[in-house]
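The next block is start_17.tsv, given as TSV, C-alpha atoms.
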chain	number	residue	atom	x	y	z
A	1	MET	CA	2.31	1.74	-16.00
A	2	PRO	CA	5.31	-0.26	-17.26
A	3	PRO	CA	4.90	-4.05	-17.70
A	4	LEU	CA	7.36	-4.87	-14.93
A	5	THR	CA	5.46	-2.69	-12.47
A	6	ARG	CA	2.21	-4.43	-13.38
A	7	LEU	CA	3.91	-7.78	-12.89
A	8	PHE	CA	5.33	-6.80	-9.51
A	9	ILE	CA	1.99	-5.52	-8.23
A	10	LYS	CA	-0.03	-8.48	-9.51
A	11	THR	CA	2.51	-10.86	-7.99
A	12	ALA	CA	2.31	-8.90	-4.74
A	13	LEU	CA	-1.46	-9.35	-4.71
A	14	VAL	CA	-1.02	-13.09	-5.16
A	15	TYR	CA	1.41	-13.16	-2.25
A	16	LEU	CA	-1.05	-11.16	-0.13
A	17	ALA	CA	-3.69	-13.81	-0.72
A	18	LEU	CA	-1.21	-16.60	0.03
A	19	ALA	CA	-0.06	-14.81	3.19
A	20	LEU	CA	-3.61	-14.51	4.46
A	21	LEU	CA	-4.20	-18.19	3.69
A	22	ALA	CA	-1.01	-19.10	5.55
A	23	GLY	CA	-2.15	-16.96	8.46
A	24	LEU	CA	-5.46	-18.77	8.48
A	25	ALA	CA	-3.75	-22.17	8.32
A	26	ARG	CA	-1.43	-21.41	11.23
A	27	SER	CA	-4.27	-20.07	13.34
A	28	LEU	CA	-6.29	-23.30	13.09
A	29	PRO	CA	-6.31	-25.36	16.31
A	30	PRO	CA	-3.95	-28.35	16.16
A	31	SER	CA	-5.65	-31.46	14.85
A	32	GLU	CA	-4.61	-34.83	13.48
A	33	ALA	CA	-6.61	-34.09	10.33
A	34	LEU	CA	-4.34	-31.18	9.42
A	35	PRO	CA	-0.94	-31.60	7.71
A	36	ALA	CA	1.95	-31.55	10.17
A	37	PHE	CA	3.76	-28.66	8.45
A	38	PHE	CA	0.89	-26.27	9.37
A	39	ALA	CA	2.58	-25.88	12.74
A	40	TYR	CA	5.70	-24.44	11.10
A	41	LEU	CA	4.04	-21.80	8.92
A	42	THR	CA	4.84	-18.75	11.09
A	43	PRO	CA	8.04	-17.59	9.33
A	44	VAL	CA	6.45	-18.42	5.96
A	45	TYR	CA	3.43	-16.27	6.85
A	46	PHE	CA	5.58	-13.30	7.87
A	47	HIS	CA	7.79	-13.47	4.79
A	48	LEU	CA	4.92	-13.99	2.36
A	49	PHE	CA	3.38	-10.85	3.83
A	50	MET	CA	6.47	-8.64	4.16
A	51	ALA	CA	8.73	-9.86	1.34
A	52	GLY	CA	5.99	-11.04	-1.00
A	53	TRP	CA	3.35	-8.33	-0.60
A	54	VAL	CA	4.85	-5.20	0.97
A	55	LEU	CA	8.34	-5.32	-0.53
A	56	GLN	CA	7.21	-6.20	-4.05
A	57	LEU	CA	4.49	-3.55	-4.00
A	58	ILE	CA	7.04	-0.93	-2.97
A	59	ILE	CA	9.58	-2.12	-5.54
A	60	GLY	CA	6.99	-2.17	-8.33
A	61	VAL	CA	5.71	1.32	-7.64
A	62	GLY	CA	9.21	2.65	-6.98
A	63	TYR	CA	10.44	1.26	-10.30
A	64	TRP	CA	7.64	3.21	-11.97
A	65	MET	CA	7.67	6.46	-10.00
A	66	PHE	CA	11.29	7.17	-9.07
A	67	PRO	CA	12.95	9.99	-11.04
A	68	LYS	CA	14.28	9.18	-14.49
A	69	HIS	CA	17.82	7.89	-14.67
A	70	THR	CA	18.71	9.09	-18.20
A	71	ARG	CA	16.75	9.76	-21.38
A	72	GLU	CA	18.08	6.59	-22.97
A	73	GLN	CA	17.32	4.47	-19.89
A	74	PRO	CA	14.63	6.29	-17.94
A	75	ARG	CA	14.16	3.40	-15.52
A	76	GLY	CA	17.77	2.32	-15.29
A	77	ASN	CA	19.01	-1.07	-16.39
A	78	GLU	CA	15.93	-3.05	-17.49
A	79	ALA	CA	17.78	-6.38	-17.33
A	80	LEU	CA	18.75	-5.69	-13.72
A	81	ALA	CA	15.16	-4.83	-12.87
A	82	TRP	CA	13.86	-8.06	-14.44
A	83	ALA	CA	16.61	-9.98	-12.65
A	84	ALA	CA	15.43	-8.48	-9.35
A	85	TYR	CA	11.91	-9.76	-10.03
A	86	GLY	CA	13.05	-13.25	-11.01
A	87	LEU	CA	15.57	-13.70	-8.19
A	88	LEU	CA	13.27	-12.38	-5.48
A	89	ASN	CA	10.34	-14.55	-6.49
A	90	ALA	CA	12.43	-17.65	-7.09
A	91	GLY	CA	13.99	-17.30	-3.65
A	92	LEU	CA	10.68	-16.66	-1.96
A	93	ALA	CA	8.95	-19.60	-3.65
A	94	LEU	CA	11.82	-21.90	-2.71
A	95	ARG	CA	11.63	-20.65	0.87
A	96	VAL	CA	7.89	-21.24	1.12
A	97	VAL	CA	8.43	-24.89	0.18
A	98	ALA	CA	11.71	-25.65	1.93
A	99	GLU	CA	11.33	-23.86	5.27
A	100	PRO	CA	8.37	-25.74	6.76
A	101	LEU	CA	9.62	-29.06	5.37
A	102	HIS	CA	13.10	-28.47	6.84
A	103	SER	CA	11.54	-27.63	10.20
A	104	LEU	CA	9.39	-30.76	10.03
A	105	GLN	CA	12.06	-33.20	8.81
A	106	PRO	CA	15.60	-31.76	8.76
A	107	HIS	CA	17.49	-33.01	5.71
A	108	PRO	CA	20.59	-31.68	3.91
A	109	ALA	CA	18.57	-31.21	0.72
A	110	TRP	CA	16.10	-28.86	2.44
A	111	GLY	CA	19.00	-27.18	4.22
A	112	TRP	CA	20.76	-26.40	0.97
A	113	ALA	CA	17.45	-25.30	-0.54
A	114	LEU	CA	17.10	-22.76	2.28
A	115	ALA	CA	20.66	-21.53	1.75
A	116	VAL	CA	20.04	-21.11	-2.00
A	117	SER	CA	16.76	-19.36	-1.28
A	118	ALA	CA	18.57	-16.94	1.04
A	119	VAL	CA	21.13	-16.07	-1.60
A	120	LEU	CA	18.49	-15.67	-4.35
A	121	GLN	CA	16.40	-13.28	-2.26
A	122	TRP	CA	19.49	-11.28	-1.28
A	123	LEU	CA	20.63	-11.00	-4.90
A	124	GLY	CA	17.14	-9.88	-5.93
A	125	GLY	CA	17.10	-7.18	-3.27
A	126	MET	CA	20.59	-5.99	-4.15
A	127	ALA	CA	19.67	-5.85	-7.83
A	128	PHE	CA	16.78	-3.52	-6.98
A	129	VAL	CA	18.99	-1.34	-4.73
A	130	ALA	CA	21.69	-1.12	-7.42
A	131	ASN	CA	19.11	-0.16	-10.06
A	132	ALA	CA	17.25	2.35	-7.88
A	133	TRP	CA	20.20	4.15	-6.27
A	134	PRO	CA	21.26	6.24	-9.30
A	135	ARG	CA	17.63	7.32	-9.82
A	136	ILE	CA	17.38	8.90	-6.38
A	137	LYS	CA	18.50	12.43	-7.08
A	138	GLU	CA	17.33	16.00	-6.81
A	139	HIS	CA	15.88	17.77	-9.82
B	1	MET	CA	12.77	15.04	-5.93
B	2	PRO	CA	13.23	17.37	-2.93
B	3	GLY	CA	16.46	17.12	-1.01
B	4	LEU	CA	14.83	15.70	2.10
B	5	SER	CA	13.10	12.99	0.04
B	6	VAL	CA	16.45	12.03	-1.48
B	7	TRP	CA	17.88	11.50	2.00
B	8	TYR	CA	14.80	9.56	3.10
B	9	VAL	CA	14.91	7.17	0.16
B	10	ARG	CA	18.68	6.69	0.11
B	11	THR	CA	18.69	5.92	3.82
B	12	ALA	CA	15.80	3.53	3.30
B	13	LEU	CA	17.75	1.72	0.56
B	14	VAL	CA	20.74	1.36	2.88
B	15	TYR	CA	18.49	-0.12	5.57
B	16	LEU	CA	16.97	-2.46	2.98
B	17	ALA	CA	20.42	-3.70	1.95
B	18	LEU	CA	21.52	-4.22	5.55
B	19	GLY	CA	18.26	-5.88	6.58
B	20	LEU	CA	18.36	-8.25	3.62
B	21	THR	CA	21.99	-9.13	4.37
B	22	PHE	CA	21.17	-9.99	7.97
B	23	GLY	CA	18.20	-12.04	6.80
B	24	MET	CA	20.28	-13.92	4.25
B	25	LEU	CA	22.87	-14.84	6.88
B	26	MET	CA	20.23	-16.08	9.32
B	27	LEU	CA	18.33	-18.08	6.69
B	28	TRP	CA	21.56	-19.66	5.45
B	29	HIS	CA	22.44	-20.56	9.03
B	30	LYS	CA	18.96	-22.06	9.49
B	31	GLY	CA	19.54	-24.37	6.55
B	32	MET	CA	23.29	-24.96	6.78
B	33	PRO	CA	24.58	-23.92	10.22
B	34	ILE	CA	27.41	-21.39	10.25
B	35	HIS	CA	27.57	-19.90	13.79
B	36	PRO	CA	24.86	-19.71	16.47
B	37	ALA	CA	25.67	-16.05	17.21
B	38	LEU	CA	24.03	-15.12	13.89
B	39	TRP	CA	20.60	-15.34	15.55
B	40	ALA	CA	21.50	-12.17	17.45
B	41	LEU	CA	20.93	-10.35	14.15
B	42	LEU	CA	17.18	-11.07	14.28
B	43	PRO	CA	16.12	-7.87	16.12
B	44	ALA	CA	18.27	-5.77	13.80
B	45	HIS	CA	16.83	-7.58	10.76
B	46	ILE	CA	13.26	-6.84	11.88
B	47	GLU	CA	14.00	-3.25	12.93
B	48	PHE	CA	15.93	-2.35	9.77
B	49	LEU	CA	13.33	-3.77	7.40
B	50	LEU	CA	10.19	-2.66	9.23
B	51	LEU	CA	11.18	0.74	10.54
B	52	GLY	CA	14.24	1.51	8.44
B	53	TRP	CA	12.84	0.51	5.05
B	54	THR	CA	9.06	0.06	5.07
B	55	LEU	CA	8.14	2.88	7.43
B	56	ARG	CA	10.66	5.27	5.91
B	57	ILE	CA	9.47	4.63	2.36
B	58	GLY	CA	5.91	5.02	3.58
B	59	LEU	CA	6.76	8.34	5.25
B	60	ARG	CA	8.46	9.55	2.10
B	61	ARG	CA	5.40	8.60	0.05
B	62	ARG	CA	3.15	10.46	2.51
B	63	LEU	CA	5.46	13.44	2.25
B	64	TRP	CA	5.02	13.44	-1.52
B	65	ILE	CA	1.40	12.45	-1.97
B	66	LEU	CA	-0.44	14.30	0.81
B	67	PRO	CA	-2.18	17.52	-0.28
B	68	ARG	CA	0.21	20.42	-0.39
B	69	PHE	CA	-0.14	23.90	1.02
B	70	ARG	CA	-1.09	26.48	-1.58
B	71	THR	CA	1.60	28.92	-0.53
B	72	LYS	CA	5.30	28.26	-0.22
B	73	THR	CA	5.29	29.44	3.36
B	74	GLY	CA	2.77	26.72	4.08
B	75	GLN	CA	5.32	24.07	3.16
B	76	CYS	CA	7.26	25.79	5.69
B	77	ALA	CA	10.02	25.76	8.14
B	78	ALA	CA	7.79	24.12	10.70
B	79	GLY	CA	6.89	21.29	8.39
B	80	LEU	CA	10.40	20.71	7.10
B	81	ALA	CA	11.83	21.05	10.56
B	82	GLY	CA	9.43	18.37	11.69
B	83	LEU	CA	10.58	16.10	8.89
B	84	CYS	CA	14.24	16.80	9.52
B	85	ALA	CA	13.73	16.08	13.18
B	86	ALA	CA	11.96	12.88	12.26
B	87	GLN	CA	14.83	11.88	10.00
B	88	ARG	CA	17.49	12.58	12.61
B	89	ARG	CA	15.63	10.85	15.38
B	90	HIS	CA	14.85	7.86	13.24
B	91	LEU	CA	18.52	7.39	12.43
B	92	ALA	CA	19.42	7.85	16.07
B	93	GLY	CA	16.77	5.37	17.10
B	94	HIS	CA	18.31	2.56	15.09
B	95	ALA	CA	21.30	2.60	17.42
B	96	ARG	CA	19.05	0.46	19.55
B	97	SER	CA	19.32	-2.42	17.11
B	98	VAL	CA	23.08	-2.21	16.82
B	99	ALA	CA	23.83	-1.81	20.50
B	100	GLY	CA	21.22	-4.26	21.72
B	101	GLN	CA	17.75	-3.92	23.12
B	102	ALA	CA	18.66	-3.40	26.77
B	103	GLY	CA	20.12	-0.48	28.67
B	104	GLU	CA	20.13	3.28	28.27
B	105	VAL	CA	20.93	3.14	24.56
B	106	GLY	CA	17.87	1.00	23.94
B	107	THR	CA	15.60	3.36	25.86
B	108	TRP	CA	17.07	6.41	24.15
B	109	GLY	CA	16.72	4.77	20.77
B	110	ALA	CA	13.10	3.78	21.32
B	111	SER	CA	12.14	7.25	22.56
B	112	SER	CA	13.90	8.81	19.58
B	113	GLU	CA	11.87	6.68	17.21
B	114	GLY	CA	8.71	7.69	19.03
B	115	PHE	CA	9.57	11.39	18.77
B	116	ALA	CA	10.33	10.89	15.09
B	117	VAL	CA	6.85	9.55	14.43
B	118	ILE	CA	5.27	12.35	16.48
B	119	ALA	CA	7.26	14.94	14.54
B	120	PHE	CA	6.09	13.51	11.23
B	121	ALA	CA	2.48	13.37	12.44
B	122	LEU	CA	2.65	17.03	13.47
B	123	HIS	CA	3.94	17.88	10.01
B	124	ALA	CA	1.38	15.80	8.12
B	125	TRP	CA	-1.74	16.64	10.18
B	126	PRO	CA	-2.59	19.98	8.55
B	127	ARG	CA	-2.05	18.48	5.10
B	128	ILE	CA	-4.84	15.95	5.55
B	129	GLN	CA	-7.80	17.83	4.18
B	130	PRO	CA	-10.56	17.47	1.58
B	131	PRO	CA	-10.39	19.20	-1.82
B	132	ALA	CA	-10.68	22.99	-1.67
B	133	HIS	CA	-14.26	23.17	-2.91
B	134	ARG	CA	-15.47	20.85	-0.12
B	135	ARG	CA	-13.73	22.51	2.79
B	136	ARG	CA	-15.63	24.27	5.56
B	137	PRO	CA	-14.97	28.02	6.02
B	138	TRP	CA	-12.68	27.41	8.98
B	139	ASP	CA	-10.49	25.08	6.84
B	140	ARG	CA	-9.83	27.67	4.18
B	141	ARG	CA	-7.27	29.74	6.00
B	142	HIS	CA	-4.57	28.83	3.56
B	143	LEU	CA	-6.54	30.07	0.49
B	144	CYS	CA	-6.25	33.54	-0.94
B	145	ARG	CA	-8.91	36.10	-0.10
B	146	HIS	CA	-10.60	35.87	-3.48
B	147	SER	CA	-10.98	32.09	-3.26
B	148	ARG	CA	-12.38	32.33	0.24
B	149	LEU	CA	-14.97	34.91	-0.84
B	150	VAL	CA	-16.06	32.79	-3.80
B	151	LEU	CA	-16.36	29.66	-1.73
B	152	ALA	CA	-18.19	31.47	1.07
B	153	ALA	CA	-20.70	32.88	-1.42
B	154	THR	CA	-21.42	29.48	-2.93
B	155	ASP	CA	-21.16	27.46	0.23
B	156	GLY	CA	-23.28	29.41	2.68
B	157	GLY	CA	-21.61	27.52	5.47
B	158	VAL	CA	-21.93	28.40	9.11
B	159	PRO	CA	-19.00	30.36	10.57
B	160	GLY	CA	-16.49	28.49	12.68
B	161	THR	CA	-18.24	29.12	15.97
B	162	THR	CA	-20.35	26.02	15.49
B	163	ARG	CA	-17.36	23.80	14.69
B	164	ALA	CA	-16.78	22.72	18.27
B	165	LEU	CA	-20.43	21.78	18.69
B	166	ARG	CA	-20.34	19.59	15.58
B	167	ILE	CA	-17.01	17.86	16.05
B	168	ALA	CA	-16.82	17.37	19.82
B	169	PRO	CA	-19.49	14.65	20.04
B	170	LEU	CA	-17.85	12.72	17.20
B	171	ARG	CA	-14.46	12.87	18.89
B	172	ALA	CA	-15.92	11.81	22.23
B	173	SER	CA	-17.65	8.79	20.71
B	174	ALA	CA	-14.53	7.72	18.81
B	175	MET	CA	-12.34	7.94	21.90
B	176	SER	CA	-14.78	5.94	23.97
B	177	TRP	CA	-14.45	2.84	21.77
B	178	PRO	CA	-12.00	0.50	23.45
B	179	ILE	CA	-9.86	-1.02	20.75
B	180	GLN	CA	-7.10	-3.42	21.63
B	181	TRP	CA	-4.64	-4.23	18.92
B	182	ASP	CA	-1.98	-6.83	18.80
B	183	SER	CA	1.22	-5.29	17.46
B	184	ARG	CA	1.09	-7.50	14.40
B	185	GLY	CA	-2.46	-6.43	13.78
B	186	VAL	CA	-1.41	-2.79	13.90
B	187	LEU	CA	1.37	-3.45	11.45
B	188	ALA	CA	-0.87	-5.40	9.10
B	189	VAL	CA	-3.55	-2.71	9.15
B	190	TRP	CA	-0.99	0.06	8.64
B	191	CYS	CA	0.65	-1.70	5.72
B	192	ILE	CA	-2.61	-2.46	3.98
B	193	MET	CA	-4.18	0.94	4.63
B	194	THR	CA	-1.19	2.81	3.30
B	195	ALA	CA	-0.39	0.55	0.38
B	196	LEU	CA	-3.86	0.10	-1.12
B	197	PRO	CA	-4.88	3.81	-1.27
B	198	SER	CA	-1.52	4.61	-2.80
B	199	ALA	CA	-2.17	2.07	-5.52
B	200	VAL	CA	-5.41	3.92	-6.29
B	201	LEU	CA	-4.10	7.48	-5.97
B	202	ILE	CA	-0.84	7.16	-7.86
B	203	PRO	CA	-2.35	6.30	-11.28
B	204	LYS	CA	-4.72	9.30	-10.97
B	205	ARG	CA	-1.90	11.72	-10.21
B	206	ALA	CA	0.16	10.38	-13.13
B	207	ARG	CA	-2.55	11.16	-15.71
B	208	PRO	CA	-1.66	14.07	-18.05
So that I can check it, write out the structure of this file as structure tokens.
Amino acid sequence: MPPLTRLFIKTALVYLALALLAGLARSLPPSEALPAFFAYLTPVYFHLFMAGWVLQLIIGVGYWMFPKHTREQPRGNEALAWAAYGLLNAGLALRVVAEPLHSLQPHPAWGWALAVSAVLQWLGGMAFVANAWPRIKEH
Amino acid sequence: MPGLSVWYVRTALVYLALGLTFGMLMLWHKGMPIHPALWALLPAHIEFLLLGWTLRIGLRRRLWILPRFRTKTGQCAAGLAGLCAAQRRHLAGHARSVAGQAGEVGTWGASSEGFAVIAFALHAWPRIQPPAHRRRPWDRRHLCRHSRLVLAATDGGVPGTTRALRIAPLRASAMSWPIQWDSRGVLAVWCIMTALPSAVLIPKRARP
């Protein structure tokens, strides 16, 4: 199993745990003892689960198992694949922090953080699509 | 990679790209407002990423990893036709997201997606079976005559006439359990139950 696949899957497992924790936090009954941002964890929960766990698991296994691109570069452009990992996770981490805080106390800084997070995640996804597309071919 | 798998995965990648683009636009708008009409992309974002990408990649993985028929005729016209029908109907069903949820197009799209899943289930059902040496005599239809004779001699199993008596009570008890699932619960269970076994099975298949 290539190192990048291992990294994707281990990161996905971490996101699964975080998603389940976020789900638990948002399901707690409202209380003054709980932090105020718990009430705004719903989109964070969904995206930790879908973008953090499901998407990264699929990308990691797909990067390993898709047909070879060429003999010289069996898994396509390695730099592009690593960029996909870095961009996707940077964007997702930024989103996890900025989204509930922006919902709680709107501020231009959190707004720009969300916009940057959106672009980072999009670039990460596009990097994976660009790297995987030439590998999808018949024998 | 078989031709049908190529189409499945390429279509899934297109849906991934579109779904991510819609999501980027909405998240940017959430942080730095652009235009309120962007929120109308939310159903398409969810549909494209859940059904267009995740489900399609999952179906393609099931297509590849499920036990295969021993003979070429087993991987047959019926199976491939079911998959092709699933592919066509799935693509047709996504018209619902583009045209909006309401109206005849929405109903037609939703029913197409339902037929697509049924078609795939009909294809995959006979492929879900234990290893050859553990199958009951009535499950060995696909094996050659020699294999069936060997297994029958070693197995000593009861002929298929008792199958109904064994299985019917189990089916009746399973169907009598009332289970109510929230749609998110169904999705979560489906994602976890398909992803985790694949993580176990794939390394075994890749061993030399």
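We find atom CA of A:Tyr45 and atom CA of A:Val97 to be spaced 12.0 Å apart.
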Query - Residues near stretch 110-127 of chain A, cut-off 10 Å, only C-alpha atoms, skip fewer than 5 positions along chain, as a ChimeraX atom specification - result: /A:51,55-56,59,77,79-103,105,132 /B:13,16-33
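Candidate residues B:Leu38, B:Val6, B:Leu51, B:Ala12 were compared for distance to chain A, and the nearest is B:Val6, using all atoms listed in the file.
Coordinates place atom CA of B:Arg60 at a distance of 14.8 Å from atom CA of B:Leu122.
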Requested in this report: For A:Leu18, please output as a PyMOL selection string all residues within 12 Å (counting all atoms listed in the file; exclusion window: fewer than 4 positions along the same chain).
Outcome: chain A and resi 11-14+22-25+41+44-50+52-53+93+96
I need the residues from that last selection saved to file as a short mmCIF file (atom, residue, chain, number, x, y, z; two decimals), in the coordinates of the input (with C-alpha atoms), if you can.
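Output contents, as saved in out_22.cif:
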data_model
loop_
_atom_site.label_atom_id
_atom_site.label_comp_id
_atom_site.auth_asym_id
_atom_site.auth_seq_id
_atom_site.Cartn_x
_atom_site.Cartn_y
_atom_site.Cartn_z
CA THR A 11 2.51 -10.86 -7.99
CA ALA A 12 2.31 -8.90 -4.74
CA LEU A 13 -1.46 -9.35 -4.71
CA VAL A 14 -1.02 -13.09 -5.16
CA ALA A 22 -1.01 -19.10 5.55
CA GLY A 23 -2.15 -16.96 8.46
CA LEU A 24 -5.46 -18.77 8.48
CA ALA A 25 -3.75 -22.17 8.32
CA LEU A 41 4.04 -21.80 8.92
CA VAL A 44 6.45 -18.42 5.96
CA TYR A 45 3.43 -16.27 6.85
CA PHE A 46 5.58 -13.30 7.87
CA HIS A 47 7.79 -13.47 4.79
CA LEU A 48 4.92 -13.99 2.36
CA PHE A 49 3.38 -10.85 3.83
CA MET A 50 6.47 -8.64 4.16
CA GLY A 52 5.99 -11.04 -1.00
CA TRP A 53 3.35 -8.33 -0.60
CA ALA A 93 8.95 -19.60 -3.65
CA VAL A 96 7.89 -21.24 1.12
#
